[in-house]
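Source file: query-v7.txt. Holds: compact mmCIF, C-alpha atoms.
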# COMPACT_ATOMS: atom_id res chain seq x y z
CA MET A 1 0.00 0.00 0.00
CA ARG A 2 2.77 2.44 0.94
CA LYS A 3 4.62 1.81 -2.33
CA LYS A 4 1.48 2.35 -4.40
CA CYS A 5 0.77 5.51 -2.43
CA HIS A 6 4.27 6.82 -3.12
CA LEU A 7 3.95 6.18 -6.84
CA TRP A 8 0.60 7.97 -6.95
CA VAL A 9 1.92 10.96 -5.01
CA ALA A 10 4.96 11.11 -7.27
CA LEU A 11 2.66 11.37 -10.29
CA CYS A 12 0.59 14.09 -8.61
CA LEU A 13 3.66 16.09 -7.57
CA ALA A 14 5.06 15.85 -11.07
CA GLY A 15 1.80 17.19 -12.42
CA CYS A 16 1.73 19.96 -9.85
CA LEU A 17 5.24 21.20 -10.47
CA VAL A 18 4.76 22.05 -14.12
CA LEU A 19 4.94 25.61 -15.29
CA PRO A 20 1.76 26.99 -16.85
CA VAL A 21 0.25 28.11 -20.08
CA GLN A 22 1.60 30.34 -22.85
CA VAL A 23 0.66 33.42 -24.83
CA PHE A 24 1.28 33.09 -28.60
CA ALA A 25 4.32 31.05 -27.72
CA SER A 26 5.25 27.45 -27.33
CA GLY A 27 5.74 26.06 -23.85
CA PHE A 28 5.18 28.84 -21.30
CA GLY A 29 6.84 31.86 -22.93
CA ILE A 30 5.29 35.32 -23.02
CA PHE A 31 5.81 37.58 -26.02
CA THR A 32 3.41 40.44 -25.22
CA GLN A 33 6.30 42.86 -24.76
CA GLY A 34 4.94 46.05 -26.31
CA ALA A 35 1.78 47.26 -28.04
CA THR A 36 3.60 48.31 -31.22
CA GLY A 37 5.19 44.87 -31.51
CA LEU A 38 1.95 43.03 -30.73
CA GLY A 39 0.09 45.01 -33.39
CA GLN A 40 2.57 43.66 -35.96
CA GLY A 41 2.54 40.04 -34.78
CA ASN A 42 6.03 40.49 -33.29
CA ALA A 43 7.50 40.96 -36.77
CA VAL A 44 9.70 43.80 -35.44
CA VAL A 45 13.18 42.26 -35.42
CA ALA A 46 14.51 44.11 -38.48
CA HIS A 47 12.71 47.45 -38.07
CA SER A 48 12.26 49.42 -34.87
CA SER A 49 9.27 49.27 -32.54
CA GLY A 50 10.66 52.10 -30.37
CA PRO A 51 12.18 51.48 -26.92
CA SER A 52 10.56 48.01 -26.78
CA ALA A 53 13.24 46.96 -29.29
CA VAL A 54 15.32 46.36 -26.15
CA TYR A 55 13.35 43.10 -25.97
CA PHE A 56 12.77 42.28 -29.65
CA ASN A 57 16.25 43.21 -31.00
CA PRO A 58 18.36 45.66 -28.98
CA ALA A 59 20.55 46.49 -31.99
CA LEU A 60 17.60 48.52 -33.31
CA ILE A 61 18.01 51.16 -30.58
CA ALA A 62 21.52 52.09 -31.85
CA GLN A 63 20.16 55.01 -33.86
CA SER A 64 17.87 56.32 -31.10
CA GLN A 65 18.18 59.98 -30.25
CA GLY A 66 17.96 61.62 -26.84
CA THR A 67 16.18 59.74 -24.05
CA GLN A 68 13.05 57.66 -24.58
CA PHE A 69 10.83 56.13 -21.92
CA GLU A 70 8.08 53.57 -22.59
CA ILE A 71 5.63 51.95 -20.21
CA GLY A 72 2.91 49.51 -21.16
CA THR A 73 0.70 46.59 -20.24
CA THR A 74 -1.41 43.91 -21.91
CA ALA A 75 -4.75 42.61 -20.63
CA LEU A 76 -5.05 38.89 -21.38
CA PHE A 77 -8.45 37.18 -21.34
CA PRO A 78 -7.87 33.43 -21.67
CA ASN A 79 -10.65 30.90 -22.25
CA ARG A 80 -9.93 27.20 -22.00
CA GLU A 81 -12.56 24.48 -22.23
CA PHE A 82 -12.33 20.74 -21.59
CA THR A 83 -14.83 18.15 -22.81
CA SER A 84 -14.50 14.80 -21.06
CA ASP A 85 -14.33 11.53 -22.95
CA ALA A 86 -15.66 9.75 -19.86
CA THR A 87 -18.74 11.87 -19.13
CA GLY A 88 -19.22 14.20 -22.09
CA LYS A 89 -19.29 17.08 -19.60
CA SER A 90 -17.62 20.38 -20.52
CA GLU A 91 -15.71 22.49 -18.02
CA GLU A 92 -13.95 25.85 -18.37
CA THR A 93 -11.05 27.46 -16.54
CA GLU A 94 -11.87 30.19 -14.05
CA ASP A 95 -12.33 33.69 -15.50
CA THR A 96 -9.02 35.41 -14.78
CA VAL A 97 -7.41 38.44 -16.40
CA TYR A 98 -3.61 38.75 -16.48
CA PHE A 99 -1.60 41.95 -16.96
CA PRO A 100 2.02 41.32 -18.00
CA SER A 101 3.59 44.78 -18.04
CA THR A 102 6.73 46.35 -19.46
CA LEU A 103 9.06 49.28 -18.92
CA TYR A 104 11.79 50.39 -21.32
CA LEU A 105 14.34 53.20 -21.26
CA THR A 106 16.90 54.21 -23.89
CA HIS A 107 19.52 56.96 -23.66
CA ALA A 108 21.91 58.07 -26.40
CA ILE A 109 25.33 58.76 -24.91
CA LYS A 110 26.43 60.01 -28.32
CA ASP A 111 25.48 59.31 -31.93
CA GLY A 112 25.66 55.57 -32.49
CA LEU A 113 26.14 54.58 -28.83
CA VAL A 114 22.96 53.98 -26.86
CA LEU A 115 22.23 52.45 -23.47
CA GLY A 116 18.95 50.64 -22.88
CA LEU A 117 17.05 49.04 -20.04
CA GLY A 118 14.09 46.69 -20.15
CA VAL A 119 11.91 45.30 -17.37
CA PHE A 120 9.48 42.63 -18.55
CA SER A 121 8.08 39.13 -17.92
CA PRO A 122 9.50 36.64 -20.44
CA PHE A 123 7.78 33.53 -19.04
CA GLY A 124 4.65 32.85 -17.05
CA LEU A 125 0.91 33.34 -16.73
CA GLY A 126 -1.39 30.66 -15.36
CA THR A 127 -4.11 28.09 -15.59
CA GLU A 128 -6.87 27.71 -12.98
CA TRP A 129 -9.39 24.91 -13.35
CA PRO A 130 -12.47 24.40 -11.13
CA LYS A 131 -11.55 22.80 -7.80
CA ASP A 132 -13.77 19.78 -8.42
CA TRP A 133 -12.97 19.21 -12.08
CA GLU A 134 -12.09 15.79 -13.51
CA GLY A 135 -8.38 16.53 -13.92
CA ARG A 136 -7.80 17.90 -10.41
CA TYR A 137 -5.33 15.07 -9.70
CA ILE A 138 -3.05 16.53 -12.36
CA ALA A 139 -3.58 20.27 -11.85
CA THR A 140 -6.00 22.72 -10.28
CA LYS A 141 -4.04 25.96 -10.25
CA SER A 142 -0.71 26.74 -11.90
CA THR A 143 0.67 30.25 -11.60
CA ILE A 144 4.13 31.54 -12.38
CA THR A 145 5.47 35.07 -12.41
CA THR A 146 8.83 36.13 -13.81
CA PHE A 147 10.56 39.49 -13.84
CA ASN A 148 13.55 40.17 -16.05
CA LEU A 149 15.88 43.16 -15.65
CA ASN A 150 17.75 43.60 -18.93
CA PRO A 151 20.38 46.38 -19.35
CA VAL A 152 21.83 46.57 -22.88
CA VAL A 153 24.29 48.62 -24.89
CA ALA A 154 23.88 49.16 -28.65
CA TRP A 155 26.58 50.38 -31.02
CA GLN A 156 26.33 51.59 -34.61
CA ALA A 157 29.57 49.94 -35.71
CA THR A 158 29.35 51.14 -39.33
CA PRO A 159 26.73 53.14 -41.22
CA ASP A 160 25.06 49.84 -42.15
CA LEU A 161 25.80 47.57 -39.16
CA ALA A 162 24.48 47.83 -35.58
CA LEU A 163 25.39 45.48 -32.72
CA ALA A 164 24.07 45.05 -29.19
CA VAL A 165 24.74 43.03 -26.06
CA GLY A 166 22.84 42.78 -22.79
CA VAL A 167 22.64 40.96 -19.46
CA ASP A 168 19.46 39.38 -18.08
CA PHE A 169 18.68 39.08 -14.37
CA LEU A 170 15.64 36.82 -13.94
CA TYR A 171 13.44 36.26 -10.87
CA LEU A 172 10.82 33.49 -10.87
CA ASP A 173 7.98 32.88 -8.41
CA ALA A 174 5.64 29.88 -8.61
CA ASP A 175 2.39 28.77 -6.93
CA LEU A 176 1.33 25.32 -8.14
CA GLN A 177 -1.55 23.22 -6.84
CA SER A 178 -3.27 19.88 -7.41
CA ASN A 179 -5.15 17.20 -5.47
CA ILE A 180 -4.26 13.68 -4.35
CA ASN A 181 -6.71 10.78 -4.29
CA LEU A 182 -5.42 8.01 -2.05
CA PRO A 183 -5.70 4.42 -3.31
CA GLY A 184 -8.90 2.83 -2.09
CA VAL A 185 -10.54 6.18 -1.25
CA PRO A 186 -13.54 7.34 -3.35
CA ALA A 187 -12.64 10.08 -5.84
CA ILE A 188 -14.69 12.72 -4.04
CA GLN A 189 -13.37 16.26 -3.70
CA ASP A 190 -14.09 16.35 0.06
CA LEU A 191 -11.83 13.31 0.50
CA ASP A 192 -8.96 14.66 -1.61
CA ILE A 193 -5.65 15.69 -0.10
CA ARG A 194 -4.77 19.13 -1.42
CA GLN A 195 -1.15 19.88 -2.18
CA LYS A 196 0.48 23.21 -2.86
CA PHE A 197 4.02 24.03 -3.88
CA THR A 198 5.31 27.58 -3.61
CA GLY A 199 8.84 28.51 -4.53
CA ASP A 200 11.11 31.03 -6.16
CA GLY A 201 14.52 31.30 -7.76
CA THR A 202 16.87 33.51 -9.74
CA ALA A 203 19.09 33.11 -12.79
CA VAL A 204 21.40 35.16 -15.01
CA GLY A 205 21.56 35.10 -18.81
CA PHE A 206 22.54 37.31 -21.72
CA ASN A 207 21.20 38.53 -25.04
CA LEU A 208 22.68 39.69 -28.35
CA GLY A 209 21.34 41.65 -31.31
CA VAL A 210 22.44 42.57 -34.82
CA GLN A 211 20.91 44.66 -37.59
CA TYR A 212 22.28 45.22 -41.09
CA GLN A 213 20.99 47.67 -43.68
CA LEU A 214 21.25 45.79 -46.98
CA THR A 215 19.90 48.71 -49.02
CA PRO A 216 18.25 51.99 -48.04
CA ALA A 217 14.91 50.15 -48.15
CA VAL A 218 15.83 46.63 -46.94
CA SER A 219 17.09 45.63 -43.50
CA ILE A 220 17.81 42.31 -41.81
CA GLY A 221 17.94 41.70 -38.08
CA ALA A 222 18.51 38.88 -35.63
CA ALA A 223 18.58 38.47 -31.86
CA TYR A 224 19.54 35.76 -29.42
CA ARG A 225 18.50 35.17 -25.80
CA SER A 226 20.40 32.63 -23.75
CA LYS A 227 18.89 29.90 -21.62
CA PHE A 228 18.19 30.36 -17.89
CA ASP A 229 19.09 27.66 -15.40
CA VAL A 230 16.71 28.40 -12.53
CA ASP A 231 17.10 26.66 -9.17
CA ILE A 232 13.76 26.86 -7.36
CA ASP A 233 13.64 26.59 -3.57
CA GLY A 234 10.21 26.19 -2.04
CA GLU A 235 7.84 24.36 0.22
CA ALA A 236 5.31 21.60 -0.35
CA LYS A 237 2.22 21.75 1.87
CA PHE A 238 -0.54 19.18 2.25
CA LYS A 239 -4.05 19.78 3.52
CA ILE A 240 -5.60 16.51 4.71
CA PRO A 241 -9.39 16.27 5.28
CA THR A 242 -10.42 15.53 8.85
CA ALA A 243 -12.42 12.55 7.63
CA LEU A 244 -9.20 10.93 6.42
CA THR A 245 -7.18 11.63 9.56
CA ASP A 246 -10.00 10.21 11.65
CA LEU A 247 -9.64 6.97 9.70
CA ASP A 248 -5.81 7.04 9.64
CA PRO A 249 -4.10 9.30 12.23
CA THR A 250 -0.69 8.57 10.64
CA LEU A 251 -1.51 10.48 7.44
CA PRO A 252 0.02 13.81 8.68
CA PHE A 253 3.29 11.90 9.14
CA ILE A 254 3.04 10.29 5.71
CA PHE A 255 2.30 13.70 4.12
CA PRO A 256 4.40 16.19 6.11
CA ASN A 257 4.81 19.79 5.04
CA THR A 258 8.38 19.94 3.80
CA ASP A 259 10.89 22.14 2.06
CA GLY A 260 11.96 21.05 -1.37
CA ASP A 261 13.71 22.16 -4.50
CA THR A 262 13.70 21.64 -8.21
CA SER A 263 15.37 23.21 -11.20
CA ILE A 264 14.23 24.11 -14.66
CA GLU A 265 16.04 25.20 -17.79
CA LEU A 266 14.18 27.99 -19.59
CA PRO A 267 15.09 27.78 -23.28
CA GLN A 268 17.41 29.78 -25.45
CA GLN A 269 15.67 31.65 -28.26
CA VAL A 270 16.63 32.94 -31.70
CA VAL A 271 14.61 35.41 -33.77
CA ALA A 272 15.36 36.84 -37.20
CA GLY A 273 13.58 38.91 -39.80
CA ILE A 274 13.89 40.84 -43.04
CA SER A 275 12.13 44.18 -43.40
CA GLY A 276 11.34 46.14 -46.53
CA GLN A 277 10.12 49.71 -46.90
CA LEU A 278 7.83 49.23 -49.87
CA ASN A 279 7.14 52.94 -50.20
CA GLU A 280 7.41 56.04 -48.04
CA ARG A 281 4.37 54.94 -46.01
CA LEU A 282 4.41 51.13 -45.91
CA THR A 283 6.93 48.86 -44.13
CA MET A 284 6.58 45.08 -44.06
CA GLU A 285 8.56 42.36 -42.28
CA ILE A 286 8.67 38.57 -42.33
CA GLY A 287 10.55 36.57 -39.75
CA PHE A 288 10.83 33.47 -37.62
CA ARG A 289 11.46 32.40 -34.04
CA TRP A 290 13.17 29.25 -32.75
CA GLU A 291 12.94 28.04 -29.15
CA ASP A 292 15.03 25.27 -27.60
CA TRP A 293 12.28 23.50 -25.65
CA SER A 294 14.05 20.15 -26.07
CA SER A 295 16.09 21.27 -23.06
CA PHE A 296 12.98 20.55 -20.95
CA ASP A 297 13.46 16.79 -20.98
CA GLN A 298 12.52 15.98 -17.40
CA LEU A 299 11.45 17.42 -14.07
CA LYS A 300 13.30 16.31 -10.93
CA ILE A 301 11.89 17.20 -7.53
CA LYS A 302 13.80 16.72 -4.28
CA LEU A 303 12.02 16.87 -0.92
CA ASP A 304 13.79 17.42 2.40
CA GLN A 305 11.44 14.97 4.14
CA ALA A 306 9.95 11.79 2.76
CA VAL A 307 6.40 12.15 1.43
CA ALA A 308 4.54 8.84 1.15
CA GLY A 309 7.90 7.10 1.49
CA GLY A 310 9.83 8.97 -1.18
CA THR A 311 12.11 12.02 -1.28
CA GLU A 312 12.65 12.32 -5.03
CA VAL A 313 10.36 12.45 -8.04
CA ILE A 314 11.57 12.28 -11.63
CA ALA A 315 8.98 12.90 -14.34
CA PRO A 316 9.77 12.87 -18.08
CA ARG A 317 8.71 15.83 -20.21
CA ASP A 318 10.46 15.17 -23.55
CA TRP A 319 9.40 18.50 -25.06
CA HIS A 320 10.73 19.39 -28.50
CA ASP A 321 12.11 22.50 -30.22
CA THR A 322 9.60 24.79 -31.89
CA TRP A 323 9.42 27.25 -34.77
CA ALA A 324 7.15 30.22 -35.33
CA LEU A 325 6.52 32.34 -38.44
CA THR A 326 5.78 36.05 -38.12
CA LEU A 327 4.41 38.45 -40.71
CA GLY A 328 3.55 42.08 -40.03
CA GLY A 329 3.83 45.67 -41.04
CA GLN A 330 2.91 49.28 -40.50
CA TYR A 331 1.29 51.89 -42.73
CA ARG A 332 1.82 55.57 -41.93
CA LEU A 333 -1.54 57.13 -42.67
CA ASN A 334 -0.36 60.64 -41.78
CA ASP A 335 2.02 62.36 -39.34
CA THR A 336 -0.20 61.33 -36.42
CA VAL A 337 -1.63 57.89 -37.24
CA THR A 338 0.22 54.70 -38.17
CA LEU A 339 -1.81 51.54 -38.74
CA LEU A 340 -0.44 48.15 -37.62
CA GLY A 341 -1.25 44.58 -38.64
CA GLY A 342 0.27 41.14 -38.29
CA TYR A 343 -0.07 37.37 -38.14
CA LEU A 344 1.87 34.68 -36.28
CA TYR A 345 1.83 30.91 -36.56
CA GLY A 346 3.60 28.93 -33.85
CA GLU A 347 4.22 25.23 -33.24
CA ASN A 348 3.55 23.63 -29.88
CA ALA A 349 6.29 22.05 -27.76
CA VAL A 350 4.43 19.28 -25.91
CA PRO A 351 4.28 15.71 -27.31
CA ASP A 352 1.16 13.58 -26.90
CA LYS A 353 2.82 11.30 -24.36
CA THR A 354 3.31 14.14 -21.83
CA PHE A 355 0.39 16.39 -22.77
CA GLU A 356 -1.60 17.49 -19.70
CA PRO A 357 -3.98 20.29 -18.63
CA ALA A 358 -1.49 22.47 -16.71
CA VAL A 359 0.15 23.27 -20.08
CA PRO A 360 -2.51 22.55 -22.74
CA ASP A 361 -0.16 23.62 -25.50
CA SER A 362 -1.19 23.40 -29.14
CA ASP A 363 -0.32 25.01 -32.47
CA THR A 364 -1.22 28.70 -32.43
CA HIS A 365 -2.61 31.29 -34.85
CA LEU A 366 -2.43 34.95 -33.80
CA PHE A 367 -4.26 37.74 -35.67
CA CYS A 368 -3.23 41.31 -34.78
CA ILE A 369 -4.27 44.89 -35.46
CA GLY A 370 -3.31 48.17 -33.87
CA SER A 371 -2.29 51.78 -34.23
CA ASP A 372 0.48 54.16 -33.18
CA LEU A 373 -0.66 57.71 -32.44
CA GLN A 374 2.10 60.34 -32.42
CA TRP A 375 1.86 63.83 -30.93
CA ASP A 376 5.22 65.58 -30.89
CA ALA A 377 7.21 63.86 -28.12
CA VAL A 378 4.41 61.49 -27.10
CA LYS A 379 3.42 58.21 -28.76
CA LEU A 380 0.40 56.13 -27.72
CA ALA A 381 0.21 52.59 -29.08
CA LEU A 382 -2.99 50.50 -28.95
CA SER A 383 -3.31 46.92 -30.19
CA TYR A 384 -5.74 44.03 -30.17
CA ALA A 385 -4.93 40.40 -30.92
CA TYR A 386 -6.91 37.18 -31.04
CA GLN A 387 -5.01 33.98 -30.31
CA LEU A 388 -6.64 30.81 -31.59
CA GLN A 389 -5.06 27.56 -30.50
CA GLU A 390 -5.88 24.48 -32.51
CA ASP A 391 -8.03 21.91 -30.69
CA ARG A 392 -6.15 19.12 -29.02
CA SER A 393 -7.10 15.81 -27.42
CA LYS A 394 -5.57 13.95 -24.51
CA SER A 395 -5.70 10.17 -24.56
CA THR A 396 -4.19 7.75 -22.07
CA ASN A 397 -0.52 8.70 -21.64
CA GLN A 398 1.99 9.26 -18.83
CA TYR A 399 -0.88 10.59 -16.72
CA GLY A 400 -3.03 7.55 -17.38
CA SER A 401 -6.66 8.13 -18.35
CA ILE A 402 -7.12 11.15 -16.05
CA ALA A 403 -8.67 14.12 -17.88
CA ASN A 404 -8.87 12.36 -21.23
CA GLY A 405 -10.84 14.45 -23.68
CA ASP A 406 -10.78 17.49 -25.96
CA TYR A 407 -9.15 20.83 -25.10
CA GLU A 408 -10.12 24.13 -26.75
CA ASN A 409 -8.21 27.35 -26.08
CA ASP A 410 -8.32 30.96 -27.19
CA ILE A 411 -7.15 34.28 -25.76
CA HIS A 412 -8.10 37.91 -26.36
CA LEU A 413 -5.29 40.44 -25.88
CA LEU A 414 -5.57 44.23 -25.45
CA ALA A 415 -2.28 46.12 -25.26
CA VAL A 416 -1.42 49.74 -24.58
CA SER A 417 1.90 51.53 -24.27
CA LEU A 418 2.96 55.14 -23.85
CA THR A 419 6.30 56.48 -25.04
CA TYR A 420 7.82 59.87 -24.22
CA THR A 421 10.95 61.30 -25.86
CA PHE A 422 12.99 63.86 -23.91

Any chance you could give the structure as structure tokens?
Amino acid sequence: MRKKCHLWVALCLAGCLVLPVQVFASGFGIFTQGATGLGQGNAVVAHSSGPSAVYFNPALIAQSQGTQFEIGTTALFPNREFTSDATGKSEETEDTVYFPSTLYLTHAIKDGLVLGLGVFSPFGLGTEWPKDWEGRYIATKSTITTFNLNPVVAWQATPDLALAVGVDFLYLDADLQSNINLPGVPAIQDLDIRQKFTGDGTAVGFNLGVQYQLTPAVSIGAAYRSKFDVDIDGEAKFKIPTALTDLDPTLPFIFPNTDGDTSIELPQQVVAGISGQLNERLTMEIGFRWEDWSSFDQLKIKLDQAVAGGTEVIAPRDWHDTWALTLGGQYRLNDTVTLLGGYLYGENAVPDKTFEPAVPDSDTHLFCIGSDLQWDAVKLALSYAYQLQEDRSKSTNQYGSIANGDYENDIHLLAVSLTYTF
């Protein structure tokens, strides 16, 4: 009995300690890093999006003048629905709005030498299912927050070539929850053990950027962000129903609250694009993004005290690398109004054998529109995007037959940013 209990808890812990859902990215990346960029489907690697280029390609700030400050946020309205193979019942995630926000600053020391600073959230968001839903033994709530402090320096090395380098200081905070159903106990919510893992960690990385002006009208750009090796220290807590402890008073000793740790490698990323100024008003760009999600091959959890007889859990992930295609552009209607539009298609990172509801990843289509409004030193950017994720089904896999069924996902995104030039 104890061995079976340990195996079951190991599976539940592995499901709990998975980082949550994405926004027009594979895995759990976030790419809502500026309203001007969002409005163009993130096809802003070879032509500038303003100070937010610190994130997209810092080489693009090399020709910035004076001092520019940008602040922005994006309201995300996710909707995820599950239809059970076992019951035919449909359930939706809780209505939650997320607001990943950004801050950028650029300052020209002299012509062709510019310092930049970005503060943004490169990974995160969350998934919250109803507390009594069918898949509660895999995940109920998964929330992660990251903050990245990214100073950069950009240099116009020649009239046609710009280079940039930066350092990334990442902080990660996680709150991950699921339930445990003990062997032989009816699968009733009131008899579930609730587990919660909270933890945080830090990591350091770097980023590079390059931009080359092929002709006066054609530019190419590329940027690289290194991986993050994040060591997460935290605590696992277990809430045991009184009805269970009345039957077995030893359960608090079998499921003690304990410190624990895990580590995760957040992937390196490469983006590139080619931009063309088709006429004095219209600029278009096509590009791609590659993410090294194959680095997420397993999750290893170490507990300071034994839980259900075990102190270590190793769960395979076996994610794979992904590609995304971006297409976007801007049309300057007049000196005040610039119209934005874009499209993104992105592959998912999660194979069928490890697909589960904490990260219901699937291939993504993103449709974007927006506008930049310029008044002298002030620019207001407004964008809307609709993210449609292709339907996906879970069948019996590493997680057994729990939460087998169809998963439908979409997200509405509203972004705003304000830029001021001194």

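Computed from the coordinates, the atom CA of A:Asp352 to atom CA of A:Ala403 distance equals 13.4 Å.
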
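The shortest atom-to-atom distance to A:Thr283, with only C-alpha atoms taken into account, belongs to A:Gly341 out of A:Gly400, A:Pro267, A:Gly341, A:Pro249.
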
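Around A:Ala415, within 8 Å and counting all atoms listed in the file, the residues found are Gly34, Ala35, Leu38, Gly72, Thr73, Thr74, Ala75, Ala381, Leu382, Ser383 and Tyr384 of chain A, once anything fewer than 4 positions away on its own chain is removed.
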
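Across A:Asp173, A:Glu134, A:Thr145, A:Asp95, the tightest approach to A:Phe77 is made by A:Asp95 when counting only C-alpha atoms.
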
For the contact check between stretch 45-153 of chain A and stretch 205-216 of chain A, emit one row per residue of stretch 45-153 of chain A within 8 Å, containing the shortest atom pair and the distance in Å rounded to one decimal, counting all atoms listed in the file, chain then rising number order, as JSON lines.
{"residue": "A:Ala46", "atom": "CA", "partner": "A:Gln211", "partner_atom": "CA", "distance": 6.5}
{"residue": "A:Asn57", "atom": "CA", "partner": "A:Gly209", "partner_atom": "CA", "distance": 5.3}
{"residue": "A:Pro58", "atom": "CA", "partner": "A:Gly209", "partner_atom": "CA", "distance": 5.5}
{"residue": "A:Ala59", "atom": "CA", "partner": "A:Gly209", "partner_atom": "CA", "distance": 5.0}
{"residue": "A:Leu60", "atom": "CA", "partner": "A:Gln211", "partner_atom": "CA", "distance": 6.6}

Would you output that residue set with C-alpha atoms, as a short mmCIF file (atom, residue, chain, number, x, y, z; two decimals), in the frame of the given file?
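out.cif, freshly written:
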data_model
loop_
_atom_site.label_atom_id
_atom_site.label_comp_id
_atom_site.auth_asym_id
_atom_site.auth_seq_id
_atom_site.Cartn_x
_atom_site.Cartn_y
_atom_site.Cartn_z
CA ALA A 46 14.51 44.11 -38.48
CA ASN A 57 16.25 43.21 -31.00
CA PRO A 58 18.36 45.66 -28.98
CA ALA A 59 20.55 46.49 -31.99
CA LEU A 60 17.60 48.52 -33.31
#

Exercise for review: Name the residues in contact with A:Tyr331 at a cut-off of 7 Å, using only C-alpha atoms, excluding same-chain residues fewer than 5 positions from it; report them as a PyMOL selection string.
Suggested key: chain A and resi 281-283+338-340

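The coordinates place atom CA of A:Gly310 at 19.3 Å from atom CA of A:Ile232.
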
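Those residues positioned at most 8 Å from (-2.9, 21.8, -8.5) are Gly15, Cys16, Arg136, Tyr137, Ile138, Ala139, Thr140, Lys141, Ser142, Leu176, Gln177, Ser178, Asn179, Arg194, Gln195 and Lys196 of chain A, judged using only C-alpha atoms.
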
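For the pair atom CA of A:Leu414 and atom CA of A:Ser48, the interatomic distance is 20.8 Å.
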
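In terms of minimum interatomic distance to A:Ser90, A:Trp129 ranks closest within A:Trp129, A:Phe253, A:Phe197, A:Phe296, counting all atoms listed in the file.
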
**Study point:** Test item: residues at most 7 Å from A:Phe255, all atoms listed in the file, excluding those fewer than 6 positions along its chain, as a PyMOL selection string
**Key:** chain A and resi 238+307-308

C-alpha atoms of the current selection, written as an mmCIF file, in the frame of the given file:
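Saved the output as result.cif:
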data_model
loop_
_atom_site.group_PDB
_atom_site.id
_atom_site.type_symbol
_atom_site.label_atom_id
_atom_site.label_comp_id
_atom_site.auth_asym_id
_atom_site.auth_seq_id
_atom_site.Cartn_x
_atom_site.Cartn_y
_atom_site.Cartn_z
ATOM 1 C CA PHE A 238 -0.540 19.180 2.250
ATOM 2 C CA VAL A 307 6.400 12.150 1.430
ATOM 3 C CA ALA A 308 4.540 8.840 1.150
#

Box for stretch 219-227 of chain A: with edges along x, y and z, all listed atoms inside and 5 Å added on each side, what are the centre and edge lengths in Å to one decimal, as JSON?
{"center_x": 18.7, "center_y": 37.8, "center_z": -32.6, "size_x": 13.3, "size_y": 25.7, "size_z": 31.9}

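Compared by their closest atoms to A:Asp406, and using only C-alpha atoms, the residues A:Thr421, A:Thr326, A:Gln374, A:Ser362 rank with A:Ser362 nearest.
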
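Each of A:Gly260, A:Trp133, A:Thr146, A:Val165 was compared to A:Ile30 using only C-alpha atoms, and A:Thr146 turns out to be the nearest.
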
Point to revise | All residues 8 Å or closer to A:Thr336, all atoms listed in the file, same chain fewer than 4 positions away omitted, as a ChimeraX atom specification | key: /A:372-375

Let me see the file: selected residues, C-alpha atoms, as a PDB file, keeping the file's coordinate frame.
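Result saved to again-v4.pdb:
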ATOM      1  CA  ASP A 372       0.480  54.160 -33.180  1.00  0.00           C
ATOM      2  CA  LEU A 373      -0.660  57.710 -32.440  1.00  0.00           C
ATOM      3  CA  GLN A 374       2.100  60.340 -32.420  1.00  0.00           C
ATOM      4  CA  TRP A 375       1.860  63.830 -30.930  1.00  0.00           C
TER       5      TRP A 375
END

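In terms of minimum interatomic distance to A:Thr96, A:Gly126 ranks closest within A:Gly126, A:Gly112, A:Gly39, A:Gly118, counting only C-alpha atoms.
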
As a short mmCIF file (atom, residue, chain, number, x, y, z; two decimals), keeping the file's coordinate frame, could you write out stretch 155-161 of chain A once it has been completed with N, CA, C and O atoms?
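result.cif written:
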data_model
loop_
_atom_site.label_atom_id
_atom_site.label_comp_id
_atom_site.auth_asym_id
_atom_site.auth_seq_id
_atom_site.Cartn_x
_atom_site.Cartn_y
_atom_site.Cartn_z
N TRP A 155 25.51 49.63 -30.37
CA TRP A 155 26.58 50.38 -31.02
C TRP A 155 26.40 50.33 -32.53
O TRP A 155 26.28 49.25 -33.11
N GLN A 156 26.38 51.50 -33.16
CA GLN A 156 26.33 51.59 -34.61
C GLN A 156 27.75 51.45 -35.11
O GLN A 156 28.49 52.43 -35.25
N ALA A 157 28.17 50.21 -35.40
CA ALA A 157 29.57 49.94 -35.71
C ALA A 157 30.00 50.55 -37.03
O ALA A 157 31.13 51.04 -37.17
N THR A 158 29.13 50.51 -38.03
CA THR A 158 29.35 51.14 -39.33
C THR A 158 28.04 51.78 -39.74
O THR A 158 27.00 51.56 -39.10
N PRO A 159 28.01 52.56 -40.79
CA PRO A 159 26.73 53.14 -41.22
C PRO A 159 25.64 52.10 -41.49
O PRO A 159 24.45 52.42 -41.41
N ASP A 160 26.05 50.87 -41.81
CA ASP A 160 25.06 49.84 -42.15
C ASP A 160 24.89 48.76 -41.08
O ASP A 160 23.93 47.98 -41.15
N LEU A 161 25.79 48.68 -40.11
CA LEU A 161 25.80 47.57 -39.16
C LEU A 161 25.65 48.07 -37.72
O LEU A 161 26.41 48.92 -37.27
#
